[in-house]
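Participant: Here it is, the structure, as structure tokens.
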Amino acid sequence: MGPRKENQKPMGEKHHLPFPEARFGLPARRDNAVREVREARGNSERQQQQVLTILNSLQQNFTSLLQVVTNRLSYDKTKEAAFDRLYKEMEDLKVDQELNQLRPLYIDLILLIDRMNTIYNDKLDTGNRNPELVNILQTLSHEVLEILYRRGVELIVAPSNKFDPRIQQVVEVIPTKHPAEDGTVVHMVRHGFKYKDVVLRPEEVVIKKYHG
């Protein structure tokens, strides 16, 4: 028997076999891989966006915190300055009250020292140098000075021999023709006293005054 005609094919007709990929489903796998890459890329972008959002939030929180700290420090400095000023005012008020209450006593003790110095100088001028009397006057004068010192009252000590109107009072003027001697303290008549920074009595002095 000869071959069946329906199985015979013309010689010259080309037949193409299907691609193996189509047979084994590879195009579907490739699409899945592309989709997975896109999803991974999308996830990465979303994660980056989330990180940026968190960083922006942290930056805003840090800025707010920094502002709070700055305001707090400024408030603390202002409060500290206010308390310092209040303490200074209270201390000044305390000093003023003490001085107002005790000034008469201080002045009396200062006048007592003046009186003892006057007696001492008079004895020296008259030549009556009684060693016992001199010793008593010196001892009493030192004791009164010590009492005043313990209360915050001190002798005024001028920083130079130039007249200082803040702590000195002129009781006599001696003319001079030398400009360099103008305002020079020649002699101290009475001691000056101060209570802390307050002058109780200025130092009484004799100065030279230039007259050209």
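Chain labels run A, B, ... following the order of the structure tokens; each chain numbers its residues from 1, and ligands are numbered from 1 in the order shown.
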At a cut-off of 12 Å, using only C-alpha atoms, what residues contact A:Leu133? Leave out same-chain residues fewer than 3 positions from it and give the result as number ranges by chain.
Facilitator: A: 116-117, 119-121, 123-124, 128-130, 136-140
Participant: Tell me, as a PyMOL selection string, which residues lie within 9 Å of stretch 98-109 of chain A, counting only C-alpha atoms; anything in the same chain fewer than 2 positions away does not count.
Facilitator: chain A and resi 93-96+111-114+144-145+148+153+195+198+200-201
Participant: In Å, rounded to a single decimal, give me how far atom CA of A:Tyr210 is from atom CA of A:Val173.
Facilitator: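 We find that atom CA of A:Val173 and atom CA of A:Tyr210 lie 9.8 Å from each other.
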Participant: Quick one: everything within 8 Å of stretch 174-188 of chain A, counting only C-alpha atoms, minus sequence neighbours fewer than 3 positions away in the same chain. Send it as a PyMOL selection string.
Facilitator: chain A and resi 161-163+191+203-212
Participant: In Å to one decimal, how far is atom CA of A:His142 from atom CA of A:Lys194?
Facilitator: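 Separating atom CA of A:Lys194 from atom CA of A:His142 is a distance of 16.8 Å.
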Participant: Restricting the calculation to only C-alpha atoms: of A:Asn135, A:Val199, A:Thr118, A:Val69, which residue gets closest to A:Val157?
Facilitator: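 That would be A:Val199, the residue with the smallest distance to A:Val157.
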Participant: Measure the distance from atom CA of A:Val189 to atom CA of A:Pro159 in Å and round it to one decimal.
Facilitator: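 One can read the atom CA of A:Val189 to atom CA of A:Pro159 distance as 17.1 Å.
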